[in-house]
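J.: Following this line is final_8.cif, made up of mmCIF, C-alpha atoms:
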data_entry
#
loop_
_atom_site.label_atom_id
_atom_site.label_comp_id
_atom_site.auth_asym_id
_atom_site.auth_seq_id
_atom_site.Cartn_x
_atom_site.Cartn_y
_atom_site.Cartn_z
CA MET A 67 -3.01 -21.94 17.43
CA SER A 68 -6.25 -22.45 15.50
CA SER A 69 -5.92 -23.24 11.79
CA LYS A 70 -9.38 -22.01 11.08
CA ILE A 71 -9.72 -18.92 8.89
CA SER A 72 -12.00 -16.30 10.36
CA SER A 73 -14.92 -14.91 8.38
CA ALA A 74 -13.21 -11.50 8.37
CA ASP A 75 -10.08 -13.02 6.79
CA ARG A 76 -12.20 -14.73 4.14
CA ILE A 77 -13.94 -11.47 3.32
CA ARG A 78 -10.61 -9.63 3.01
CA GLU A 79 -9.18 -12.35 0.79
CA LYS A 80 -12.28 -12.36 -1.40
CA LYS A 81 -12.13 -8.57 -1.72
CA LYS A 82 -8.44 -8.72 -2.63
CA LEU A 83 -9.09 -11.30 -5.34
CA PHE A 84 -11.94 -9.16 -6.67
CA LEU A 85 -9.79 -6.02 -6.84
CA ASP A 86 -6.85 -7.91 -8.37
CA ARG A 87 -9.13 -9.27 -11.07
CA GLU A 88 -10.58 -5.82 -11.69
CA GLN A 89 -7.09 -4.38 -12.15
CA LYS A 90 -6.29 -7.24 -14.52
CA ILE A 91 -9.26 -6.21 -16.64
CA ILE A 92 -8.15 -2.57 -16.70
CA ASP A 93 -4.56 -3.50 -17.58
CA ALA A 94 -5.77 -5.70 -20.45
CA ALA A 95 -8.15 -3.03 -21.71
CA LEU A 96 -5.49 -0.33 -21.58
CA GLU A 97 -3.02 -2.46 -23.52
CA LEU A 98 -5.61 -3.05 -26.24
CA PHE A 99 -6.75 0.58 -26.44
CA LEU A 100 -3.17 1.75 -26.88
CA LYS A 101 -2.75 -0.56 -29.86
CA GLU A 102 -6.18 -0.48 -31.51
CA SER A 103 -8.94 2.05 -32.07
CA ILE A 104 -11.45 2.53 -29.27
CA ASP A 105 -14.30 1.12 -31.37
CA ALA A 106 -12.28 -1.93 -32.41
CA VAL A 107 -11.79 -3.05 -28.80
CA THR A 108 -14.81 -4.97 -27.52
CA VAL A 109 -15.60 -6.34 -24.07
CA SER A 110 -15.03 -9.82 -25.53
CA LYS A 111 -11.52 -8.83 -26.62
CA ILE A 112 -10.79 -7.39 -23.20
CA ALA A 113 -12.01 -10.56 -21.50
CA SER A 114 -9.88 -12.72 -23.79
CA LYS A 115 -6.81 -10.56 -23.18
CA ALA A 116 -7.37 -10.74 -19.41
CA GLY A 117 -7.88 -14.49 -19.56
CA ILE A 118 -11.35 -14.43 -18.02
CA GLY A 119 -14.91 -14.89 -19.21
CA LYS A 120 -16.93 -12.05 -20.71
CA GLY A 121 -19.57 -12.50 -18.02
CA THR A 122 -16.93 -12.01 -15.35
CA VAL A 123 -16.00 -8.63 -16.83
CA TYR A 124 -19.61 -7.53 -16.40
CA LYS A 125 -19.40 -8.37 -12.69
CA HIS A 126 -16.95 -5.48 -12.43
CA PHE A 127 -18.08 -3.09 -15.18
CA LEU A 128 -21.64 -2.92 -16.47
CA THR A 129 -20.67 -1.24 -19.75
CA LYS A 130 -17.62 -0.62 -21.90
CA ASN A 131 -17.90 3.06 -21.01
CA GLU A 132 -17.32 2.18 -17.36
CA ILE A 133 -14.00 0.60 -18.35
CA LEU A 134 -13.06 3.65 -20.39
CA VAL A 135 -13.86 6.14 -17.65
CA ARG A 136 -11.98 4.03 -15.11
CA ILE A 137 -8.85 4.43 -17.26
CA MET A 138 -9.43 8.19 -17.25
CA LEU A 139 -9.96 8.29 -13.49
CA ASP A 140 -6.85 6.24 -12.75
CA TYR A 141 -4.81 8.60 -14.93
CA GLU A 142 -6.27 11.72 -13.34
CA ARG A 143 -5.68 10.36 -9.83
CA ASN A 144 -2.04 9.75 -10.70
CA ILE A 145 -1.67 13.34 -11.91
CA ALA A 146 -3.36 14.55 -8.71
CA ASP A 147 -0.97 12.52 -6.55
CA CYS A 148 2.05 13.84 -8.46
CA LEU A 149 0.77 17.41 -8.19
CA ALA A 150 0.13 17.07 -4.46
CA ALA A 151 3.71 15.90 -3.93
CA GLY A 152 5.02 18.74 -6.10
CA ILE A 153 2.94 21.36 -4.31
CA LEU A 154 4.25 20.12 -0.97
CA LYS A 155 7.83 20.51 -2.20
CA ALA A 156 7.03 23.96 -3.60
CA GLU A 157 5.67 25.10 -0.25
CA LYS A 158 8.93 23.97 1.32
CA GLY A 159 10.99 26.13 -1.03
CA ASP A 160 11.36 24.26 -4.33
CA ALA A 161 9.44 26.80 -6.42
CA GLY A 162 9.26 24.79 -9.65
CA ALA A 163 8.41 21.42 -8.09
CA ALA A 164 4.67 21.52 -8.84
CA ALA A 165 5.17 22.34 -12.52
CA GLN A 166 7.88 19.72 -12.83
CA SER A 167 5.63 17.08 -11.25
CA TYR A 168 2.82 17.95 -13.64
CA PHE A 169 5.02 17.79 -16.74
CA LYS A 170 6.58 14.50 -15.70
CA ALA A 171 3.20 12.95 -14.87
CA ARG A 172 1.80 13.71 -18.31
CA LEU A 173 4.89 13.39 -20.51
CA ALA A 174 6.04 10.11 -18.96
CA ARG A 175 3.39 8.40 -21.13
CA PRO A 176 2.42 10.56 -24.12
CA ASP A 177 0.55 7.57 -25.59
CA LEU A 178 -1.59 7.25 -22.48
CA ASP A 179 -2.14 11.00 -22.27
CA ARG A 180 -3.33 11.07 -25.86
CA LEU A 181 -5.67 8.13 -25.24
CA VAL A 182 -7.21 9.84 -22.22
CA GLN A 183 -7.81 12.98 -24.29
CA GLN A 184 -9.56 10.89 -26.94
CA LEU A 185 -11.67 9.15 -24.30
CA GLU A 186 -12.71 12.45 -22.76
CA GLY A 187 -14.01 13.72 -26.08
CA ARG A 188 -15.87 10.47 -26.63
CA LEU A 189 -17.44 10.21 -23.18
CA GLU A 190 -18.28 13.86 -22.53
CA TYR A 191 -22.03 13.30 -22.79
CA ALA A 192 -22.28 9.58 -21.93
CA GLU A 193 -25.34 9.06 -19.74
CA ASP A 194 -24.26 5.79 -18.13
CA ILE A 195 -21.20 7.25 -16.39
CA VAL A 196 -22.44 10.63 -15.14
CA GLU A 197 -21.25 9.99 -11.58
CA GLN A 198 -17.78 8.92 -12.68
CA LEU A 199 -17.39 11.98 -14.89
CA GLU A 200 -18.43 14.21 -12.00
CA GLU A 201 -15.74 12.53 -9.89
CA LEU A 202 -13.21 13.28 -12.64
CA HIS A 203 -14.16 16.96 -12.66
CA LYS A 204 -14.10 17.04 -8.87
CA ILE A 205 -10.48 15.84 -8.90
CA ARG A 206 -9.58 18.53 -11.41
CA ARG A 207 -11.32 21.28 -9.44
CA SER A 208 -9.47 20.19 -6.33
CA ASN A 209 -6.17 20.33 -8.24
CA GLU A 210 -7.05 23.80 -9.51
CA ASP A 211 -7.83 25.07 -6.01
CA SER A 212 -4.56 23.70 -4.62
CA LEU A 213 -2.56 25.17 -7.48
CA SER A 214 -4.25 28.57 -7.17
CA ASN A 215 -3.43 28.76 -3.47
CA MET A 216 0.21 27.82 -4.02
CA LEU A 217 0.66 30.13 -7.01
CA THR A 218 -0.92 33.05 -5.18
CA LYS A 219 1.69 32.65 -2.45
CA GLN A 220 4.53 32.50 -4.98
CA ILE A 221 3.23 35.55 -6.81
CA GLY A 222 3.03 37.42 -3.51
CA ALA A 223 6.60 36.41 -2.70
CA GLY A 224 7.80 37.77 -6.05
CA VAL A 225 8.83 34.35 -7.37
CA LEU A 226 6.32 34.30 -10.21
CA GLU A 227 4.97 36.95 -12.55
CA ASP A 228 2.08 38.96 -11.09
CA VAL A 229 -0.68 37.66 -13.33
CA PRO A 230 -3.86 35.73 -12.44
CA PRO A 231 -2.82 32.31 -11.02
CA HIS A 232 -4.67 30.44 -13.74
CA PHE A 233 -2.39 32.07 -16.35
CA HIS A 234 0.47 30.03 -14.89
CA TYR A 235 -1.13 26.60 -14.78
CA LEU A 236 -2.96 27.01 -18.08
CA ALA A 237 0.35 27.97 -19.71
CA CYS A 238 1.74 24.66 -18.40
CA TRP A 239 -1.30 22.82 -19.70
CA ALA A 240 -0.91 24.40 -23.14
CA LEU A 241 2.78 23.50 -23.32
CA VAL A 242 2.06 19.89 -22.38
CA GLN A 243 -0.72 19.67 -24.98
CA GLY A 244 1.69 20.90 -27.62
CA ALA A 245 4.38 18.46 -26.48
CA VAL A 246 2.01 15.50 -26.74
CA ASP A 247 0.91 16.60 -30.22
CA LEU A 248 4.58 16.96 -31.17
CA TRP A 249 5.26 13.41 -29.98
CA TYR A 250 2.73 12.15 -32.54
CA SER A 251 3.47 14.58 -35.34
CA ARG A 252 4.54 12.76 -38.49
CA SER A 253 6.54 15.81 -39.47
CA TRP A 254 8.67 15.91 -36.32
CA ASN A 255 8.57 12.64 -34.37
CA TYR A 256 11.00 10.82 -36.66
CA ARG A 257 13.93 12.08 -34.60
CA HIS A 258 15.71 9.74 -32.19
CA ASP A 259 15.97 12.35 -29.45
CA THR A 260 12.25 12.91 -28.85
CA ALA A 261 12.48 11.73 -25.24
CA ASP A 262 15.29 14.24 -24.61
CA LEU A 263 13.12 16.91 -26.23
CA MET A 264 10.32 16.13 -23.74
CA GLU A 265 12.79 16.62 -20.89
CA PHE A 266 13.91 19.94 -22.42
CA ILE A 267 10.28 21.09 -22.68
CA THR A 268 9.75 20.10 -19.05
CA ASN A 269 12.71 22.19 -17.93
CA ILE A 270 11.37 25.17 -19.87
CA GLY A 271 7.94 24.70 -18.34
CA VAL A 272 9.32 24.74 -14.81
CA THR A 273 10.76 28.25 -15.19
CA MET A 274 8.61 29.93 -17.84
CA GLY A 275 6.46 31.87 -15.36
CA ASN A 276 9.31 33.21 -13.24
CA THR A 277 9.43 36.92 -12.46
CA GLY A 278 11.16 39.00 -15.11
CA GLN A 279 10.11 37.02 -18.17
CA TYR A 280 6.82 38.73 -18.94
CA HIS A 281 6.83 42.21 -20.47
CA PRO A 282 3.30 43.22 -21.48
CA VAL A 283 2.97 46.13 -23.84
CA SER A 284 0.01 48.43 -23.28
CA LYS A 285 -1.85 49.37 -26.46
CA ASN A 286 -2.29 52.86 -25.11
CA THR A 287 1.43 53.38 -24.60
CA THR A 288 2.73 51.82 -27.80
CA LYS A 289 4.97 54.35 -29.47
CA LYS A 290 4.85 54.94 -33.18
CA LYS A 291 8.10 54.49 -35.00
CA LYS A 292 9.70 57.71 -36.17
CA PRO A 293 10.29 57.97 -39.91
CA LYS A 294 13.89 57.60 -40.97
CA THR A 295 15.66 60.73 -41.98
CA SER A 296 18.26 60.85 -44.71
#
As structure tokens, what does this structure read like?

T.:
Amino acid sequence: MSSKISSADRIREKKKLFLDREQKIIDAALELFLKESIDAVTVSKIASKAGIGKGTVYKHFLTKNEILVRIMLDYERNIADCLAAGILKAEKGDAGAAAQSYFKARLARPDLDRLVQQLEGRLEYAEDIVEQLEELHKIRRSNEDSLSNMLTKQIGAGVLEDVPPHFHYLACWALVQGAVDLWYSRSWNYRHDTADLMEFITNIGVTMGNTGQYHPVSKNTTKKKKPKTS
């Protein structure tokens, strides 16, 4: 058997080393961003944390913004994967699986979720990462389409309230946003059972759109209260 390494093997090994080093940069950056402010973390700090030279970082990411948006994309892809798995379970009969997957994906790391929200506000109009931001929005639009299709089926089957599909997933989004804010609230996060509270909120979120919970009151049919008689 020949001991020589083929050119294809060398290319694969080189690519693996490149990707491993790139992930090392992202892991180092994420650790720093979760501890320090976004502005306080420099490319030099990231390089030092990753144990590589600053110039090597620029072989992977041309700007700091590219590192930031990569963190956002990785997070969004994880949510998309979790949602896809949940939607598949929902289509097989587990009605609340998609909502549960979404809540668990975001509330598993409230610190990371909060960071991503901060990054999105910061990078909204960044001109050096237009393509990456478009990819981010493309992932979200795909998630929205998949959710709308699944929810429409569940509404038709009488499982969920008969409201526009986006009412359901935006209600989940709003509940998660509130839960993340609660996690960081100085008024409420002193409790030792905050993780249990996140699980409780998740369980509420899974069932909150079920049929029978929504009772809209028409303004035209609101009855005036009769005056009390003595």

J.: Since I can't run it myself right now, could you work out what the PyMOL selection byres ((chain A and resi 97) around 12) selects here and report it as a list in words?

T.: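 Output of the PyMOL selection byres ((chain A and resi 97) around 12): Lys90, Ile91, Ile92, Asp93, Ala94, Ala95, Leu96, Leu98, Phe99, Leu100, Lys101, Glu102, Ser103, Ile104, Val107, Lys111, Ile112, Lys115, Ala116, Ile137, Asp177, Leu178 and Leu181 of chain A.
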
J.: Taking only C-alpha atoms into account, which of A:Ala164, A:Leu248, A:Ala146, A:Leu85 comes nearest A:Gln220?

T.: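 Counting only C-alpha atoms, the residue closest to A:Gln220 is A:Ala164.
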
J.: What are the centre and the three edge lengths of an axis-aligned box that wraps all atoms of stretch 112-116 of chain A in the file, given that 8 Å is added to every side, written as lines of an AutoDock Vina configuration file and rounded to one decimal in Å?

T.:
center_x = -9.4
center_y = -10.1
center_z = -21.6
size_x = 21.2
size_y = 21.3
size_z = 20.4

J.: Which residue, A:Phe127, A:Leu134, A:Ala161, A:Lys120, has the smallest gap to A:Ala223 when you use only C-alpha atoms?

T.: A:Ala161

J.: With all atoms listed in the file as the basis for distance, which of A:Glu88, A:Glu200, A:Asp160, A:Asp105 is at the shortest distance from A:Val272?

T.: A:Asp160

J.: Please write as a ChimeraX atom specification the full residue list that the PyMOL selection byres ((chain A and resi 168) around 8) yields on this file.

T.: /A:145,148-149,152,164-167,169-172

J.: Out of A:Asp228, A:Ala174, A:Arg207, A:Tyr280, which residue has the shortest atom-to-atom distance to A:Thr268 when counting all atoms listed in the file?

T.: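 Of the candidates, the smallest distance to A:Thr268 is held by A:Ala174.
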
J.: Between A:Val123, A:Met138, A:Asn131, A:Lys81, which is the closest to A:Glu193 once you count all atoms listed in the file?

T.: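 Selected residue with least distance to A:Glu193: A:Asn131.
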